[in-house]
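Only one structure is covered here, and it is reproduced in the block below.
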Amino acid sequence: MTAPRPEPAAPPLLDTEVLRSFVAIAESGSFTRAAKQVFRTPSALSMQIKRLEETLGHPLFVREARQVRLTPEGETLLGYGRRLLKLNQEAVSRFLAPSVEGTVRVGTPDDVGTRILPQVLSRFARSHPAVQVEVLAGRSGELVRRMAEERLDMVLITEGNDDLAPGLGEVVH
């Protein structure tokens, strides 16, 4: 009979405050500028990055006289860091933001409805799961008429149709 293998130790978790500092340094190219953004001293950031590099076992920055730049490992971590911070913000917002629910009726021309709307609605559904979206595809003039009759809540029309709804809308893209 063989002895059971010990469970491998779980890898360490990345601290979001350290990730925020790392991303600020990477995006600003400077410990000093990043320190102002995250309300820490440059030396505190330097210690955070040193611990992060020790944890991950790789240098993340090449330090030069007046700037820093990312190593290849730093570039990789920057992508993860941005995504983790965004996901963290999304999770916190999910619980702290007021819940939105109900139905929204959207009208759109076919070209917008098939090219752009699926991605937008997918993201919207993730952030607002209690909202039912009804989409009606059609010609811009008909959609604007339905919105004026309050049969649609929002209409996306293409540029050049300003005469259909003067003063009624705004440019969104």
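Ligands are numbered from 1 in the order shown, chains are lettered A, B, ... in the order of the structure tokens, and residues start at 1 in each chain.
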Practice task
Would you mind listing what lies within 12 Å of region 85-101 of chain A as a PyMOL selection string, with only C-alpha atoms counted and same-chain residues fewer than 5 positions away left out?
Solution key: chain A and resi 14-24+77-80+123-133
Would you mind exporting N, CA, C and O atoms of the selected residues as a CSV table (one decimal), in the first residue's frame?
chain,number,residue,atom,x,y,z
A,14,LEU,N,-3.2,36.9,-6.9
A,14,LEU,CA,-2.7,38.2,-7.2
A,14,LEU,C,-3.6,39.3,-6.5
A,14,LEU,O,-4.8,39.2,-6.6
A,15,ASP,N,-2.9,40.1,-5.8
A,15,ASP,CA,-3.6,41.2,-5.0
A,15,ASP,C,-4.1,42.3,-6.0
A,15,ASP,O,-3.3,42.8,-6.8
A,16,THR,N,-5.4,42.7,-6.0
A,16,THR,CA,-5.9,43.6,-7.0
A,16,THR,C,-5.2,45.0,-6.8
A,16,THR,O,-5.0,45.7,-7.8
A,17,GLU,N,-4.9,45.4,-5.6
A,17,GLU,CA,-4.2,46.7,-5.4
A,17,GLU,C,-2.8,46.7,-6.0
A,17,GLU,O,-2.4,47.6,-6.6
A,18,VAL,N,-2.1,45.5,-5.9
A,18,VAL,CA,-0.8,45.4,-6.6
A,18,VAL,C,-1.0,45.4,-8.1
A,18,VAL,O,-0.2,46.1,-8.8
A,19,LEU,N,-2.0,44.7,-8.6
A,19,LEU,CA,-2.3,44.7,-10.0
A,19,LEU,C,-2.6,46.1,-10.5
A,19,LEU,O,-2.2,46.6,-11.6
A,20,ARG,N,-3.4,46.9,-9.7
A,20,ARG,CA,-3.7,48.2,-10.1
A,20,ARG,C,-2.5,49.1,-10.2
A,20,ARG,O,-2.3,49.9,-11.1
A,21,SER,N,-1.5,48.9,-9.2
A,21,SER,CA,-0.3,49.6,-9.3
A,21,SER,C,0.6,49.2,-10.5
A,21,SER,O,1.1,50.0,-11.2
A,22,PHE,N,0.6,47.9,-10.7
A,22,PHE,CA,1.4,47.4,-11.9
A,22,PHE,C,0.9,48.0,-13.2
A,22,PHE,O,1.6,48.5,-14.0
A,23,VAL,N,-0.5,48.0,-13.4
A,23,VAL,CA,-1.1,48.5,-14.6
A,23,VAL,C,-0.8,50.0,-14.7
A,23,VAL,O,-0.5,50.5,-15.8
A,24,ALA,N,-0.9,50.7,-13.6
A,24,ALA,CA,-0.6,52.2,-13.7
A,24,ALA,C,0.8,52.4,-14.1
A,24,ALA,O,1.1,53.3,-14.9
A,77,LEU,N,1.5,39.8,-18.3
A,77,LEU,CA,0.8,40.1,-17.1
A,77,LEU,C,-0.1,41.3,-17.3
A,77,LEU,O,-1.2,41.4,-16.7
A,78,LEU,N,0.3,42.3,-18.1
A,78,LEU,CA,-0.5,43.5,-18.3
A,78,LEU,C,-1.9,43.1,-18.9
A,78,LEU,O,-2.9,43.6,-18.4
A,79,GLY,N,-1.9,42.2,-19.8
A,79,GLY,CA,-3.2,41.7,-20.4
A,79,GLY,C,-4.0,41.1,-19.3
A,79,GLY,O,-5.2,41.4,-19.2
A,80,TYR,N,-3.4,40.2,-18.6
A,80,TYR,CA,-4.2,39.5,-17.5
A,80,TYR,C,-4.6,40.6,-16.4
A,80,TYR,O,-5.8,40.5,-15.9
A,123,ARG,N,-23.0,41.6,-24.3
A,123,ARG,CA,-22.4,42.2,-23.1
A,123,ARG,C,-23.4,42.8,-22.2
A,123,ARG,O,-23.3,42.7,-21.0
A,124,PHE,N,-24.5,43.4,-22.8
A,124,PHE,CA,-25.6,43.9,-22.0
A,124,PHE,C,-26.2,42.8,-21.1
A,124,PHE,O,-26.5,43.0,-19.9
A,125,ALA,N,-26.5,41.7,-21.7
A,125,ALA,CA,-27.1,40.6,-21.0
A,125,ALA,C,-26.3,40.1,-19.8
A,125,ALA,O,-26.8,39.8,-18.8
A,126,ARG,N,-25.0,40.1,-20.0
A,126,ARG,CA,-24.1,39.7,-18.8
A,126,ARG,C,-24.2,40.7,-17.7
A,126,ARG,O,-24.1,40.4,-16.5
A,127,SER,N,-24.2,42.0,-18.0
A,127,SER,CA,-24.2,43.0,-17.0
A,127,SER,C,-25.6,43.3,-16.4
A,127,SER,O,-25.7,43.9,-15.4
A,128,HIS,N,-26.7,43.0,-17.2
A,128,HIS,CA,-28.0,43.3,-16.8
A,128,HIS,C,-28.9,42.0,-17.0
A,128,HIS,O,-29.8,42.1,-17.9
A,129,PRO,N,-28.7,40.9,-16.3
A,129,PRO,CA,-29.4,39.7,-16.6
A,129,PRO,C,-30.9,39.7,-16.4
A,129,PRO,O,-31.6,38.9,-17.0
A,130,ALA,N,-31.4,40.7,-15.7
A,130,ALA,CA,-32.8,40.8,-15.4
A,130,ALA,C,-33.6,41.6,-16.4
A,130,ALA,O,-34.8,41.8,-16.3
A,131,VAL,N,-32.9,42.1,-17.4
A,131,VAL,CA,-33.5,42.9,-18.5
A,131,VAL,C,-33.8,42.1,-19.7
A,131,VAL,O,-32.9,41.4,-20.2
A,132,GLN,N,-35.0,42.1,-20.1
A,132,GLN,CA,-35.4,41.4,-21.4
A,132,GLN,C,-35.4,42.4,-22.5
A,132,GLN,O,-35.9,43.5,-22.4
A,133,VAL,N,-34.7,42.1,-23.6
A,133,VAL,CA,-34.5,43.0,-24.7
A,133,VAL,C,-35.3,42.5,-25.9
A,133,VAL,O,-35.1,41.3,-26.3
Problem - Contact residues around Val104 (chain A) with only C-alpha atoms at 9 Å, ignoring same-chain residues under 2 positions, as a PyMOL selection string - result: chain A and resi 102+106+131-135+152-154
Can those selected residues be exported to a file as a compact mmCIF listing (two decimals), in the first residue's frame so that it contains all heavy atoms?
# COMPACT_ATOMS: atom_id res chain seq x y z
N GLY A 102 -36.73 44.54 -16.20
CA GLY A 102 -37.83 44.96 -17.04
C GLY A 102 -37.57 44.61 -18.49
O GLY A 102 -36.73 43.76 -18.81
N VAL A 106 -36.15 47.74 -28.63
CA VAL A 106 -35.16 48.41 -29.46
C VAL A 106 -35.47 48.16 -30.93
O VAL A 106 -35.71 47.03 -31.33
CB VAL A 106 -33.73 47.89 -29.16
CG1 VAL A 106 -32.70 48.56 -30.04
CG2 VAL A 106 -33.40 48.08 -27.69
N VAL A 131 -32.89 42.11 -17.45
CA VAL A 131 -33.53 42.93 -18.46
C VAL A 131 -33.80 42.10 -19.70
O VAL A 131 -32.90 41.44 -20.24
CB VAL A 131 -32.65 44.16 -18.83
CG1 VAL A 131 -33.29 44.95 -19.97
CG2 VAL A 131 -32.43 45.04 -17.61
N GLN A 132 -35.03 42.10 -20.13
CA GLN A 132 -35.44 41.42 -21.37
C GLN A 132 -35.36 42.44 -22.50
O GLN A 132 -35.92 43.53 -22.39
CB GLN A 132 -36.87 40.90 -21.23
CG GLN A 132 -37.42 40.23 -22.46
CD GLN A 132 -36.77 38.88 -22.71
OE1 GLN A 132 -36.44 38.16 -21.78
NE2 GLN A 132 -36.59 38.54 -23.96
N VAL A 133 -34.65 42.12 -23.58
CA VAL A 133 -34.52 43.03 -24.71
C VAL A 133 -35.29 42.46 -25.89
O VAL A 133 -35.06 41.32 -26.30
CB VAL A 133 -33.04 43.25 -25.10
CG1 VAL A 133 -32.93 44.18 -26.29
CG2 VAL A 133 -32.24 43.80 -23.92
N GLU A 134 -36.21 43.26 -26.42
CA GLU A 134 -36.95 42.90 -27.62
C GLU A 134 -36.41 43.74 -28.76
O GLU A 134 -36.33 44.96 -28.65
CB GLU A 134 -38.45 43.16 -27.44
CG GLU A 134 -39.08 42.32 -26.35
CD GLU A 134 -40.54 42.70 -26.09
OE1 GLU A 134 -41.08 43.59 -26.79
OE2 GLU A 134 -41.12 42.11 -25.18
N VAL A 135 -36.01 43.09 -29.85
CA VAL A 135 -35.43 43.80 -30.98
C VAL A 135 -36.35 43.67 -32.19
O VAL A 135 -36.80 42.58 -32.52
CB VAL A 135 -34.03 43.24 -31.32
CG1 VAL A 135 -33.44 43.95 -32.53
CG2 VAL A 135 -33.09 43.36 -30.13
N LEU A 152 -41.71 51.59 -29.27
CA LEU A 152 -40.30 51.25 -29.10
C LEU A 152 -39.70 52.23 -28.10
O LEU A 152 -40.09 53.40 -28.06
CB LEU A 152 -39.54 51.32 -30.43
CG LEU A 152 -39.87 50.28 -31.49
CD1 LEU A 152 -39.16 50.61 -32.80
CD2 LEU A 152 -39.49 48.88 -31.01
N ASP A 153 -38.73 51.76 -27.32
CA ASP A 153 -38.07 52.62 -26.34
C ASP A 153 -36.85 53.32 -26.91
O ASP A 153 -36.47 54.40 -26.47
CB ASP A 153 -37.63 51.80 -25.12
CG ASP A 153 -38.81 51.12 -24.46
OD1 ASP A 153 -39.78 51.82 -24.13
OD2 ASP A 153 -38.77 49.88 -24.28
N MET A 154 -36.22 52.68 -27.88
CA MET A 154 -34.99 53.21 -28.45
C MET A 154 -34.88 52.72 -29.88
O MET A 154 -35.26 51.60 -30.19
CB MET A 154 -33.78 52.72 -27.63
CG MET A 154 -32.46 53.21 -28.15
SD MET A 154 -31.08 52.75 -27.09
CE MET A 154 -30.92 51.02 -27.46
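Closest approach to Thr55 (chain A) from the set A:Leu143, A:Leu117, A:Leu13, A:Thr108 is made by A:Leu13, with distances taken over only C-alpha atoms.
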What residues in region 106-160 of chain A get the DSSP label helix (DSSP H, G or I)? Please answer as a short mmCIF file (atom, residue, chain, number, x, y, z; two decimals) with C-alpha atoms, in the first residue's frame.
data_model
loop_
_atom_site.label_atom_id
_atom_site.label_comp_id
_atom_site.auth_asym_id
_atom_site.auth_seq_id
_atom_site.Cartn_x
_atom_site.Cartn_y
_atom_site.Cartn_z
CA ASP A 110 -31.03 45.17 -40.59
CA ASP A 111 -27.38 46.11 -41.14
CA VAL A 112 -26.91 47.35 -37.57
CA GLY A 113 -29.03 44.55 -36.14
CA THR A 114 -26.96 41.81 -37.73
CA ARG A 115 -23.45 43.30 -37.53
CA LEU A 117 -26.14 44.46 -32.05
CA PRO A 118 -25.33 40.80 -31.23
CA GLN A 119 -22.04 41.74 -29.51
CA VAL A 120 -23.61 44.70 -27.71
CA LEU A 121 -26.59 42.66 -26.51
CA SER A 122 -24.34 39.85 -25.33
CA ARG A 123 -22.36 42.24 -23.12
CA PHE A 124 -25.56 43.93 -21.95
CA ALA A 125 -27.11 40.58 -20.99
CA ARG A 126 -24.09 39.72 -18.85
CA SER A 127 -24.21 43.02 -16.97
CA SER A 140 -35.45 53.68 -40.21
CA GLY A 141 -38.57 55.74 -40.98
CA GLU A 142 -40.89 53.02 -39.70
CA LEU A 143 -38.78 52.52 -36.56
CA VAL A 144 -38.77 56.23 -35.74
CA ARG A 145 -42.57 56.33 -36.22
CA ARG A 146 -42.98 53.41 -33.80
CA MET A 147 -40.79 55.16 -31.24
CA ALA A 148 -42.85 58.34 -31.57
#
Practice task
Between CA of Arg69 (chain A) and CA of Ser30 (chain A), measure the distance and give it in Å to one decimal.
Solution key: 8.5 Å
Handout entry: Atomic distance CA of Thr32 (chain A) - CA of Leu70 (chain A), expressed in Å with one decimal
Key = 15.8 Å
